[in-house]
Protein chains: 2
Amino acid sequence: MIILEQLRQTLRQKGYGAIIFTGTDPHLSEYPPAHYLTRALFSGFKGSAGIVVITQEGGGLWTDSRYYIEGANSIKPYGLNLFKADQSDTLAVDKWLSNQLPEGAKVVVDFKTISINQALAWSKTLANKEQILVNDTDIVESIWQDRPALPKEKVFSISSEISGKKRKDTIDKFRRIMEERNIQYLPIMSIDEIAWFFDLRGYDVPFNPVFIAYALLTQQECYLYVDKVKLSDDLISLLEEDNIIIKDYDEFYTSLSEWKGNVLINTGNTNFYFYNQLSSDTKIVSDISPVALTKTIKNEVEIAGIRSVMERDGRAMVKFLMWYEANKANDISERDCADQLERYRREDESFYGLSFETIAGVNEHGAMPHYRVTDESNKILGENGLFLLDSGGQYYQGTTDITRTMGLRTYTKEMKRDYTLVLKGHLRLSRIPFPEGTRGAQIDALARIDLWSEAKDFGHGTGHGIGHFLNVHEGPISIRKNWVDIGMTEGMILSNEPGIYINGEYGVRIENLILAVPMVKNGMGNFLQWETLTLCPYDMDLIDMELLDKKEILQINKYHEKVYTRVSPLLNEEEKKWLKEKTLPLAIS
Amino acid sequence: MIILEQLRQTLRQKGYGAIIFTGTDPHLSEYPPAHYLTRALFSGFKGSAGIVVITQEGGGLWTDSRYYIEGANSIKPYGLNLFKADQSDTLAVDKWLSNQLPEGAKVVVDFKTISINQALAWSKTLANKEQILVNDTDIVESIWQDRPALPKEKVFSISSEISGKKRKDTIDKFRRIMEERNIQYLPIMSIDEIAWFFDLRGYDVPFNPVFIAYALLTQQECYLYVDKVKLSDDLISLLEEDNIIIKDYDEFYTSLSEWKGNVLINTGNTNFYFYNQLSSDTKIVSDISPVALTKTIKNEVEIAGIRSVMERDGRAMVKFLMWYEANKANDISERDCADQLERYRREDESFYGLSFETIAGVNEHGAMPHYRVTDESNKILGENGLFLLDSGGQYYQGTTDITRTMGLRTYTKEMKRDYTLVLKGHLRLSRIPFPEGTRGAQIDALARIDLWSEAKDFGHGTGHGIGHFLNVHEGPISIRKNWVDIGMTEGMILSNEPGIYINGEYGVRIENLILAVPMVKNGMGNFLQWETLTLCPYDMDLIDMELLDKKEILQINKYHEKVYTRVSPLLNEEEKKWLKEKTLPLAIS
C-alpha cells in the first residue's frame, strides 16, 4: 500500500511515534461523511466501530467480535494486526502504544475525532512514559490528494405534522432546562441532535437524513453553525422567524475561549478539540445530553407516524416474502433479494431511502452480523440453509429496521432449533412488562436465556434506540449487557433483535421495533409494556413447535392477527390471500 | 426524649447547625458493635440502613422502602421526620442540610463513620453555602453516660480444614497482587475481611463471628491492630510464627502520615478520618478491595464445608417444619417458632450461633421484609394466612440463610397465586445457566418477570453474597437492580430470595443459597450454572399448579429428590417418613 508507506514516511520525517484513526468525525458520528473516512483509507476497515493505529513500522486494528472476520480480511492487504478489543487479555490501544513506543514519543490524533474522556484516559496512560497526544491534521491533508470535500447538500425543514413540535417551543423548553440546572451554554454537536432540535433534515451522510452543523443555545441566543450554501433563502427566513442566528460552520470554535459560565456537554461524546478551546472561565458540567435524552422519548405525532409507516413497510416486506417464496428455487442471489426489497419499499411515496445498507446474507454470510454484499461476495442462495435479511427504510414519518430469517429450500433440524431459541427470546423480551425506570441491561438477558440454557449466546446487543426519520442507531438508550444508566420510560422505541451465529455455517436474527407504552400504575410501580411496532410475519416453517409453550403460541397468533389486520388493507387480493395463509394461527398441542 | 434535648442543647452551645449519625462504625460495618449504636440512641431507629440528622430544632431519618414502616414507628417518639431516600422526589441528606441551614453552618459527623466518597460528595454540596463537615466526637461522648465499651471478647483461630488456606500463603498471595499493581500499602479495614484474611474469628458483633481490628500489609510487614487482651498467648505465638506483627488497635492511625507510596483502598468503603490522616506523599488508588474480591470466590474446602453444613441445617429445618405442621393449630406464636427452630439448630455440635436474628412474621408482619419479633409485636399465628420464616445459622464450616413461607390452617387463592409467582422466579433464577462474567443486575429480572407480568414487584435485592462462617451479608457481589461491576465466576455463593409484600396483609419470600459451578466452555462463552446448596422442601400446598409448566415441575421434583437423598440419612424413621411425603414428585398434568 503506497499510501500507508507515505504515511509512515511522514511519521518518520516529523518524528512521530504513531498516528491514530478513530473512524469518526468532529461530531463523533457513528457514520461520518466521506471526508472523514481516514481510517478506511489507511487500513481498509469500513466497520462501524474500530480504532486503527499506524506506527513507523507496524500497527493494527482494535475492534469487537462483530468485526473479527470482516476486520481481519480488510486489513490483510495493509499488513496490519487484528486486536480483539473485547477480549480481556488484549492490550488496550493506549497500553499497547505505551509499550511499543519509546519514552517521550508523540502520538498523532485529530483532536476533533476523539472524545474528551478517551483522550484524557489515553493521555494518562501515555504520561507514564512521558508520551503525549498531539493534534496534527496536516499529515492526512498532505497525503490524501483527492480527499472528498465536506458535503454541500441542501437542508430541508420538516413540518410539525411530522415532528410533533415547533422550533420555538423546543428552544423555550431547553432554555427552561438550562435555567433549572444553572447552565449558561448548551452546545449541540451531534448532528442527529441538531436535526431533531431544529426540525431540519439533510443528505450529508448515506442512510442518515442529517447534515453537518454545530449549534449553541444560550438564554439570549440560538446559533446554528452551518455552511450557508446548504440553506435556501426560504429556509433562512423560516429559521430567522424563530430568532435562530445562522453562522458559518467554521465559526463554531472561534468564540469558545470567550465563554464565561457553566457549559453542559457529555465528555464521553464531545471532541477533545472543543475541550482544549475552552478557557478557565468556563466550568464543564458533564452529563448525558438533555437533547439526546428528550429525543429518545417519542411524542404522540411521532408515534402515530411510525405506526402508520410500519403498515407500509410491512406491505413491502410481505410483497418481498411472497416474491422470495416464489423465487427461492430460481438461483436468486443475495443482491437480487436486497434490490427486490428496496424496489417494493420505493413504491411508497413517503419513502425517502434505506435506513442502512441492507444485510442480505445466506448461510456463512448470515453468520457475520454486519455482512454487506459486495460484487465479490454476492452468492446465489442455493439449496440448503438459512437466509438472513436485515433492512430498513427512512420514511418522512419514521424510520424502520427489521430482520427476518428465512429458510432456503431445505434446512437442518439444528437450524430450526436455533431459529426457535432465538424466536423464544425475542418473544419473551417483547411480552414481559416492566417497571418504569428499568435499565436496558436488566432486561437484555430475557432475550438470551433460551440460548444460555443450551450454552449458546450472541455477541451483540439485543436492542438499540432508533430515531424518528433520523439515525437507525440512536443513543443513548439500549438493551444490552453493558450498563447504561437511563431508565426506560413511556415513548421510547428500541429494537428487539436477538440472534445466533454459527461461524462459517449460518446465522439467525429476528428483529422488530418495540415501543414502551403504559400498562398500569400501582403501589408497586408504574408498569410499562412493549407494543410491537413492526408488522411482518415470522417464518413459521422454521419453528420447532416442540420448543414452544402455550403462551408463546398465543403470542405469535395474536401478533400475526395484528399483522394481517393492519397490513392486509394495503394489499391486493392475491397478496391478501398469501398473507392470510402466513398468519394462520398455530395450533396449541 | 431527654437525650435528644441534651444533644440539641450541645449543638446550640457549640454553634453547630446539625449532627449526622450514619449508623456505622470505623470499619463501615453493616452491623456495628453496641459502642457505635449512636443512631439508635438518638432516633430509636435500629434498621441496617439509614441516616439520621438532628438539627437544633428538627431533623429526620433517611431510609429505603424496606424500612418505611419500621422507621416511621421507631422515630415517632423522637419527633423526627421520615425521608423516603429511594424516591426520586425526596431531597438527599446533603441537599436538605444545605437548604435548612444558614450560610456557613457547621455540620458534625464522626469522620470515622462516613466513607470518603460520601463525605467528599456532601462537602461539595455544603460548600455551595460555605457550610462544612466537622469531626467532633466529644459531643456524643459527653452525653452518652453509660456508653458500652468496645468489646473485649476473645479471638480464635480457625484451621485450614475450615478455611481451605494458610495465613502464610494468603499473605504471599496478596503481596504478589500488590507487586503486580505497584501498591505499597494495602490497609484492610473491613472487619470481615480481616477475619477472612487471618483465618481468625471473634464474638464482637452479634451474629457475625468477627472482631474489631485493623490490618495493614506491605511487602515487608504484616500488621494486625487489635486490643491485645483479645488474644491468648497461644494465638499470639501462632500469629507470630507467620511473621504477623500485633499492634494496639488505636495505633493504626498513628503511622499513616508517614506512608510514602501507593495505597489501595476502596474510597466508597473506607472512612474519611483515614483519608484525612494521609500525607501528600501517598497516592490513593481506589478500587474494590482485592481481599473482598478473593473472599467472594469460595475455595474447595469452603464449598465442601457449606455443602455438608446444608445437610445439618436442612435437618433442623425439616424438624422444625414437622413440628410446625403438628402445632400450627395450637396457638403457637411467632417467637415460639423462632425459638423452636433455634433449638433444632443448636442440636448440631458444629453450630456456633444464629447468622442473624430470625425473621418470623405472620401475615402483616411478613409484609415487612425486615420484621423482628418483639415482646409487643409477638403474635399468635392464627387461622388464616401466611407465615414467613427467614433464618440462618453460623456453623464452623459455613453460614446459612434460608427463607420458607408456610400456610397457616387456611389461606386465600390470592396468597397461593402470589406464592407461586415468587416460586416461579426463584426457580428460574437458579435454573438458567449464564456466561461467566455476567453481572448480578443482568439476571435479577429473571426472578421478577412473573411478578412484573401481573404488575407486581418487590423492593429489595434478589440476592446477596454470603460469607463462609462469616457475615451473612457479604459484599461486593449481589443480584439486584443496581449495577455492581463484578462478573459472576465459579465459586461465588449468593442468595436467591425473591418475594412479594402486600402491605398490612401478608408477605411471601422464598430463599435458597446458590453456588456458581462450571457447565461448559465453548466458543460462545464459559458457561456456569447454579447449584442450589440449601436443602429444604418448599410448601407444596401453597403451589397453584395451574401456574407451573412442565419444566418447573420437573425442577421442583428434582430438587425435592436431592433434599430427601441428602437430608434423610440424618433423620430418624418418623422424620424420614414425613420428609418422604413432603418431597413426593408433583404430577405433570
# chains A, B, ... in the order shown; residues from 1 in each chain; ligands from 1
>>> residues_around(residues="segment 328-331 of chain A", least_positions_apart="6", cutoff="12 Å", atoms="only C-alpha atoms", output="PyMOL selection string")
chain A and resi 320-322+337+362+379-387+406-410
>>> residues_around(residues="segment 82-87 of chain B", least_positions_apart="3", cutoff="8 Å", atoms="only C-alpha atoms", output="VMD selection string")
chain B and resid 60 to 65 68 71 to 72 75 90 to 92
>>> write_last_selection(atoms="C-alpha atoms", output="short mmCIF file (atom, residue, chain, number, x, y, z; two decimals), in the first residue's frame")
data_model
loop_
_atom_site.label_atom_id
_atom_site.label_comp_id
_atom_site.auth_asym_id
_atom_site.auth_seq_id
_atom_site.Cartn_x
_atom_site.Cartn_y
_atom_site.Cartn_z
CA GLY B 60 -35.14 13.23 60.32
CA LEU B 61 -34.33 9.73 59.17
CA TRP B 62 -33.43 8.93 55.56
CA THR B 63 -34.07 5.27 54.79
CA ASP B 64 -35.25 2.98 51.97
CA SER B 65 -38.51 1.18 51.27
CA TYR B 68 -40.58 2.87 55.74
CA GLY B 71 -38.55 3.52 60.55
CA ALA B 72 -41.65 5.68 60.92
CA ILE B 75 -38.68 7.67 65.20
CA THR B 90 -37.01 13.18 48.18
CA LEU B 91 -34.22 15.67 48.93
CA ALA B 92 -30.94 13.91 49.69
#
>>> residues_around(residues="His464 of chain B", least_positions_apart="5", cutoff="8 Å", atoms="only C-alpha atoms", output="ChimeraX atom specification")
/B:473-475,477-479,494-496
>>> residues_around(residues="Asn182 of chain A", least_positions_apart="2", cutoff="10 Å", atoms="only C-alpha atoms", output="NGL selection string")
:A and (176-180 or 184-185 or 261-264 or 285)
>>> write_last_selection(atoms="N, CA and C atoms", output="PDB file, in the first residue's frame")
ATOM      1  N   ARG A 176     -35.546  26.552  29.490  1.00  0.00           N
ATOM      2  CA  ARG A 176     -36.038  26.305  30.852  1.00  0.00           C
ATOM      3  C   ARG A 176     -35.170  25.255  31.554  1.00  0.00           C
ATOM      4  N   ILE A 177     -34.834  24.195  30.823  1.00  0.00           N
ATOM      5  CA  ILE A 177     -33.961  23.150  31.396  1.00  0.00           C
ATOM      6  C   ILE A 177     -32.627  23.763  31.827  1.00  0.00           C
ATOM      7  N   MET A 178     -32.074  24.623  30.966  1.00  0.00           N
ATOM      8  CA  MET A 178     -30.790  25.271  31.276  1.00  0.00           C
ATOM      9  C   MET A 178     -30.912  26.141  32.522  1.00  0.00           C
ATOM     10  N   GLU A 179     -32.008  26.848  32.620  1.00  0.00           N
ATOM     11  CA  GLU A 179     -32.210  27.740  33.767  1.00  0.00           C
ATOM     12  C   GLU A 179     -32.264  26.919  35.060  1.00  0.00           C
ATOM     13  N   GLU A 180     -33.074  25.846  35.027  1.00  0.00           N
ATOM     14  CA  GLU A 180     -33.199  24.983  36.211  1.00  0.00           C
ATOM     15  C   GLU A 180     -31.856  24.423  36.648  1.00  0.00           C
ATOM     16  N   GLN A 184     -25.218  27.949  31.386  1.00  0.00           N
ATOM     17  CA  GLN A 184     -25.225  29.141  30.523  1.00  0.00           C
ATOM     18  C   GLN A 184     -25.023  28.787  29.046  1.00  0.00           C
ATOM     19  N   TYR A 185     -24.364  27.667  28.781  1.00  0.00           N
ATOM     20  CA  TYR A 185     -24.077  27.279  27.386  1.00  0.00           C
ATOM     21  C   TYR A 185     -24.485  25.831  27.142  1.00  0.00           C
ATOM     22  N   GLY A 261     -19.009  30.794  32.194  1.00  0.00           N
ATOM     23  CA  GLY A 261     -20.154  30.185  32.855  1.00  0.00           C
ATOM     24  C   GLY A 261     -20.117  28.674  32.751  1.00  0.00           C
ATOM     25  N   ASN A 262     -21.250  28.054  33.016  1.00  0.00           N
ATOM     26  CA  ASN A 262     -21.343  26.594  33.015  1.00  0.00           C
ATOM     27  C   ASN A 262     -21.742  26.075  31.637  1.00  0.00           C
ATOM     28  N   VAL A 263     -20.989  25.092  31.163  1.00  0.00           N
ATOM     29  CA  VAL A 263     -21.218  24.502  29.847  1.00  0.00           C
ATOM     30  C   VAL A 263     -21.651  23.055  30.045  1.00  0.00           C
ATOM     31  N   LEU A 264     -22.803  22.692  29.522  1.00  0.00           N
ATOM     32  CA  LEU A 264     -23.254  21.304  29.645  1.00  0.00           C
ATOM     33  C   LEU A 264     -22.868  20.526  28.399  1.00  0.00           C
ATOM     34  N   VAL A 285     -19.966  20.991  32.940  1.00  0.00           N
ATOM     35  CA  VAL A 285     -20.867  20.087  33.647  1.00  0.00           C
ATOM     36  C   VAL A 285     -21.081  18.924  32.680  1.00  0.00           C
TER      37      VAL A 285
END
>>> closest_residue(among="A:Pro518, A:Pro148, A:Gly164, A:Gly50", to="chain B", atoms="only C-alpha atoms")
A:Pro518
>>> interface_residues(of="chain A", to="chain B", cutoff="10 Å", atoms="only C-alpha atoms", output="mmCIF file with C-alpha atoms, in the first residue's frame")
data_model
loop_
_atom_site.group_PDB
_atom_site.id
_atom_site.type_symbol
_atom_site.label_atom_id
_atom_site.label_comp_id
_atom_site.auth_asym_id
_atom_site.auth_seq_id
_atom_site.Cartn_x
_atom_site.Cartn_y
_atom_site.Cartn_z
ATOM 1 C CA ARG A 428 -40.166 -13.011 25.805
ATOM 2 C CA ARG A 431 -44.021 -9.968 26.164
ATOM 3 C CA ILE A 432 -42.793 -9.038 29.663
ATOM 4 C CA PRO A 433 -43.975 -5.762 31.242
ATOM 5 C CA PHE A 434 -41.502 -3.917 33.485
ATOM 6 C CA PRO A 435 -41.459 -1.070 35.991
ATOM 7 C CA THR A 438 -35.811 -0.384 34.404
ATOM 8 C CA ARG A 439 -32.417 -0.220 32.674
ATOM 9 C CA GLY A 440 -31.761 -1.960 29.366
ATOM 10 C CA ALA A 441 -29.083 -4.180 30.936
ATOM 11 C CA GLN A 442 -31.679 -5.558 33.341
ATOM 12 C CA ILE A 443 -33.866 -6.998 30.569
ATOM 13 C CA ASP A 444 -31.235 -7.911 27.970
ATOM 14 C CA ALA A 445 -30.997 -11.449 29.377
ATOM 15 C CA LEU A 446 -34.711 -12.046 28.727
ATOM 16 C CA ARG A 448 -30.825 -14.765 25.860
ATOM 17 C CA ILE A 449 -31.878 -17.311 28.450
ATOM 18 C CA ASP A 450 -33.150 -19.898 25.968
ATOM 19 C CA LEU A 451 -29.747 -19.754 24.274
ATOM 20 C CA TRP A 452 -27.846 -19.716 27.587
ATOM 21 C CA SER A 453 -29.724 -22.867 28.603
ATOM 22 C CA GLU A 454 -28.010 -24.611 25.688
ATOM 23 C CA ALA A 455 -24.632 -22.888 26.281
ATOM 24 C CA LYS A 456 -25.133 -20.526 23.361
ATOM 25 C CA ASP A 457 -25.072 -16.738 23.166
ATOM 26 C CA PHE A 458 -24.690 -13.894 20.704
ATOM 27 C CA GLY A 459 -22.053 -11.175 20.739
ATOM 28 C CA ARG A 480 -27.506 -4.809 26.035
ATOM 29 C CA LYS A 481 -25.115 -6.366 28.533
ATOM 30 C CA ASN A 482 -23.418 -3.022 29.215
ATOM 31 C CA TRP A 483 -24.987 -0.762 31.812
ATOM 32 C CA VAL A 484 -26.439 2.491 30.542
ATOM 33 C CA ASP A 485 -27.855 4.401 33.475
ATOM 34 C CA ILE A 500 -27.213 -16.648 16.937
ATOM 35 C CA TYR A 501 -24.198 -17.014 14.664
ATOM 36 C CA ILE A 502 -22.573 -20.335 13.833
ATOM 37 C CA ASN A 503 -19.261 -19.249 12.358
ATOM 38 C CA MET A 519 -49.711 -0.831 31.371
ATOM 39 C CA VAL A 520 -50.805 0.037 34.924
ATOM 40 C CA LYS A 521 -49.576 2.219 37.780
ATOM 41 C CA ASN A 522 -49.961 0.932 41.316
ATOM 42 C CA GLY A 523 -48.210 0.895 44.699
ATOM 43 C CA MET A 524 -45.510 -1.444 43.390
ATOM 44 C CA GLY A 525 -44.503 0.616 40.388
ATOM 45 C CA ASN A 526 -45.512 2.349 37.192
ATOM 46 C CA PHE A 527 -45.577 -0.641 34.871
ATOM 47 C CA LEU A 528 -44.929 -0.304 31.162
ATOM 48 C CA GLN A 529 -45.223 -2.865 28.400
ATOM 49 C CA ASP A 549 -45.255 -23.352 25.091
ATOM 50 C CA LYS A 550 -48.862 -22.256 25.001
#
>>> select_by_dssp(residues="segment 30-167 of chain B", states="strand (DSSP E or B)", output="list of chain:residue names")
B:Ile51, B:Val52, B:Val53, B:Ile54, B:Thr55, B:Gly59, B:Gly60, B:Leu61, B:Trp62, B:Thr63, B:Asn81, B:Leu82, B:Phe83, B:Lys84, B:Lys106, B:Val107, B:Val108, B:Val109, B:Ser115, B:Ile132, B:Leu133, B:Val134, B:Phe156, B:Ser157
>>> residues_around(residues="Asp192 of chain A", least_positions_apart="2", cutoff="9 Å", atoms="only C-alpha atoms", output="PDB file with C-alpha atoms, in the first residue's frame")
ATOM      1  CA  SER A  29     -20.807  10.325  14.392  1.00  0.00           C
ATOM      2  CA  MET A 189     -22.576  18.893  18.470  1.00  0.00           C
ATOM      3  CA  SER A 190     -24.110  15.523  17.494  1.00  0.00           C
ATOM      4  CA  ILE A 194     -29.144  19.173  15.673  1.00  0.00           C
ATOM      5  CA  ALA A 195     -31.503  17.730  13.048  1.00  0.00           C
ATOM      6  CA  TRP A 196     -34.010  16.814  15.748  1.00  0.00           C
ATOM      7  CA  PHE A 197     -33.683  20.090  17.645  1.00  0.00           C
ATOM      8  CA  ARG A 201     -33.027  17.121   7.716  1.00  0.00           C
ATOM      9  CA  ASN A 208     -28.926   9.096   7.832  1.00  0.00           C
ATOM     10  CA  PRO A 209     -31.015  12.168   6.918  1.00  0.00           C
ATOM     11  CA  VAL A 210     -28.682  14.577   8.691  1.00  0.00           C
ATOM     12  CA  PHE A 211     -26.419  17.480   7.795  1.00  0.00           C
ATOM     13  CA  ALA A 292     -30.423  13.276  23.274  1.00  0.00           C
ATOM     14  CA  GLY A 467     -34.540   7.877  15.546  1.00  0.00           C
ATOM     15  CA  LEU A 470     -33.325  10.018  11.750  1.00  0.00           C
ATOM     16  CA  ASN A 471     -30.444   7.674  12.533  1.00  0.00           C
ATOM     17  CA  GLU A 474     -29.900   6.303  18.186  1.00  0.00           C
TER      18      GLU A 474
END
>>> residues_around(residues="segment 222-224 of chain A", least_positions_apart="3", cutoff="7 Å", atoms="only C-alpha atoms", output="MDAnalysis selection string")
chainID A and resid 214:218 244:247
>>> write_last_selection(atoms="all heavy atoms", output="mmCIF file, in the first residue's frame")
data_model
loop_
_atom_site.group_PDB
_atom_site.id
_atom_site.type_symbol
_atom_site.label_atom_id
_atom_site.label_comp_id
_atom_site.auth_asym_id
_atom_site.auth_seq_id
_atom_site.Cartn_x
_atom_site.Cartn_y
_atom_site.Cartn_z
ATOM 1 N N TYR A 214 -23.053 22.600 13.683
ATOM 2 C CA TYR A 214 -22.998 22.707 15.137
ATOM 3 C C TYR A 214 -24.136 23.630 15.551
ATOM 4 O O TYR A 214 -24.659 24.382 14.720
ATOM 5 C CB TYR A 214 -21.682 23.338 15.616
ATOM 6 C CG TYR A 214 -20.434 22.560 15.315
ATOM 7 C CD1 TYR A 214 -19.587 22.952 14.274
ATOM 8 C CD2 TYR A 214 -20.080 21.462 16.087
ATOM 9 C CE1 TYR A 214 -18.415 22.251 14.007
ATOM 10 C CE2 TYR A 214 -18.908 20.758 15.818
ATOM 11 C CZ TYR A 214 -18.083 21.146 14.784
ATOM 12 O OH TYR A 214 -16.937 20.459 14.527
ATOM 13 N N ALA A 215 -24.457 23.582 16.834
ATOM 14 C CA ALA A 215 -25.450 24.541 17.328
ATOM 15 C C ALA A 215 -25.088 24.926 18.751
ATOM 16 O O ALA A 215 -24.347 24.204 19.436
ATOM 17 C CB ALA A 215 -26.848 23.954 17.270
ATOM 18 N N LEU A 216 -25.618 26.076 19.162
ATOM 19 C CA LEU A 216 -25.360 26.545 20.520
ATOM 20 C C LEU A 216 -26.587 27.286 21.018
ATOM 21 O O LEU A 216 -27.112 28.169 20.337
ATOM 22 C CB LEU A 216 -24.150 27.493 20.538
ATOM 23 C CG LEU A 216 -23.923 28.223 21.871
ATOM 24 C CD1 LEU A 216 -23.520 27.245 22.972
ATOM 25 C CD2 LEU A 216 -22.864 29.318 21.715
ATOM 26 N N LEU A 217 -27.028 26.891 22.214
ATOM 27 C CA LEU A 217 -28.157 27.572 22.813
ATOM 28 C C LEU A 217 -27.690 28.299 24.080
ATOM 29 O O LEU A 217 -26.984 27.728 24.909
ATOM 30 C CB LEU A 217 -29.250 26.551 23.163
ATOM 31 C CG LEU A 217 -30.574 27.118 23.677
ATOM 32 C CD1 LEU A 217 -31.276 27.954 22.609
ATOM 33 C CD2 LEU A 217 -31.501 25.997 24.152
ATOM 34 N N THR A 218 -28.082 29.581 24.195
ATOM 35 C CA THR A 218 -27.903 30.324 25.448
ATOM 36 C C THR A 218 -29.270 30.920 25.779
ATOM 37 O O THR A 218 -30.231 30.733 25.023
ATOM 38 C CB THR A 218 -26.861 31.459 25.302
ATOM 39 O OG1 THR A 218 -27.413 32.460 24.430
ATOM 40 C CG2 THR A 218 -25.559 30.949 24.723
ATOM 41 N N ILE A 244 -33.403 32.245 15.132
ATOM 42 C CA ILE A 244 -32.212 31.402 15.049
ATOM 43 C C ILE A 244 -31.169 32.149 14.224
ATOM 44 O O ILE A 244 -31.473 32.644 13.128
ATOM 45 C CB ILE A 244 -32.562 30.046 14.404
ATOM 46 C CG1 ILE A 244 -33.513 29.290 15.359
ATOM 47 C CG2 ILE A 244 -31.304 29.231 14.125
ATOM 48 C CD1 ILE A 244 -34.300 28.203 14.692
ATOM 49 N N ILE A 245 -29.976 32.257 14.776
ATOM 50 C CA ILE A 245 -28.910 33.006 14.105
ATOM 51 C C ILE A 245 -28.036 32.034 13.323
ATOM 52 O O ILE A 245 -27.490 31.089 13.899
ATOM 53 C CB ILE A 245 -28.051 33.770 15.133
ATOM 54 C CG1 ILE A 245 -28.970 34.648 16.007
ATOM 55 C CG2 ILE A 245 -26.968 34.590 14.439
ATOM 56 C CD1 ILE A 245 -28.311 35.131 17.275
ATOM 57 N N ILE A 246 -27.933 32.247 12.013
ATOM 58 C CA ILE A 246 -27.138 31.359 11.168
ATOM 59 C C ILE A 246 -25.704 31.879 11.114
ATOM 60 O O ILE A 246 -25.477 33.047 10.806
ATOM 61 C CB ILE A 246 -27.697 31.319 9.725
ATOM 62 C CG1 ILE A 246 -29.229 31.220 9.717
ATOM 63 C CG2 ILE A 246 -27.033 30.212 8.916
ATOM 64 C CD1 ILE A 246 -29.785 29.914 10.113
ATOM 65 N N LYS A 247 -24.755 31.010 11.410
ATOM 66 C CA LYS A 247 -23.349 31.382 11.307
ATOM 67 C C LYS A 247 -22.626 30.333 10.465
ATOM 68 O O LYS A 247 -23.133 29.212 10.286
ATOM 69 C CB LYS A 247 -22.719 31.428 12.704
ATOM 70 C CG LYS A 247 -23.272 32.537 13.579
ATOM 71 C CD LYS A 247 -22.125 33.212 14.292
ATOM 72 C CE LYS A 247 -22.540 34.451 15.044
ATOM 73 N NZ LYS A 247 -21.359 35.245 15.390
#
>>> closest_residue(among="B:Thr489, B:Thr22, B:Asn299, B:Gln555", to="Lys112 of chain B", atoms="only C-alpha atoms")
B:Thr22
>>> select_by_dssp(residues="segment 30-245 of chain B", states="alpha helix (DSSP H)", output="PyMOL selection string")
chain B and resi 38-43+68-75+93-100+116-127+138-143+160-163+167-180+191-198+233-241
>>> atom_distance(atom1="atom CA of Gly463 of chain A", atom2="atom CA of Pro290 of chain A")
21.3 Å
>>> residues_around(residues="segment 128-135 of chain A", least_positions_apart="2", cutoff="9 Å", atoms="only C-alpha atoms", output="ChimeraX atom specification")
/A:98-99,101-112,119,122-126,137,273
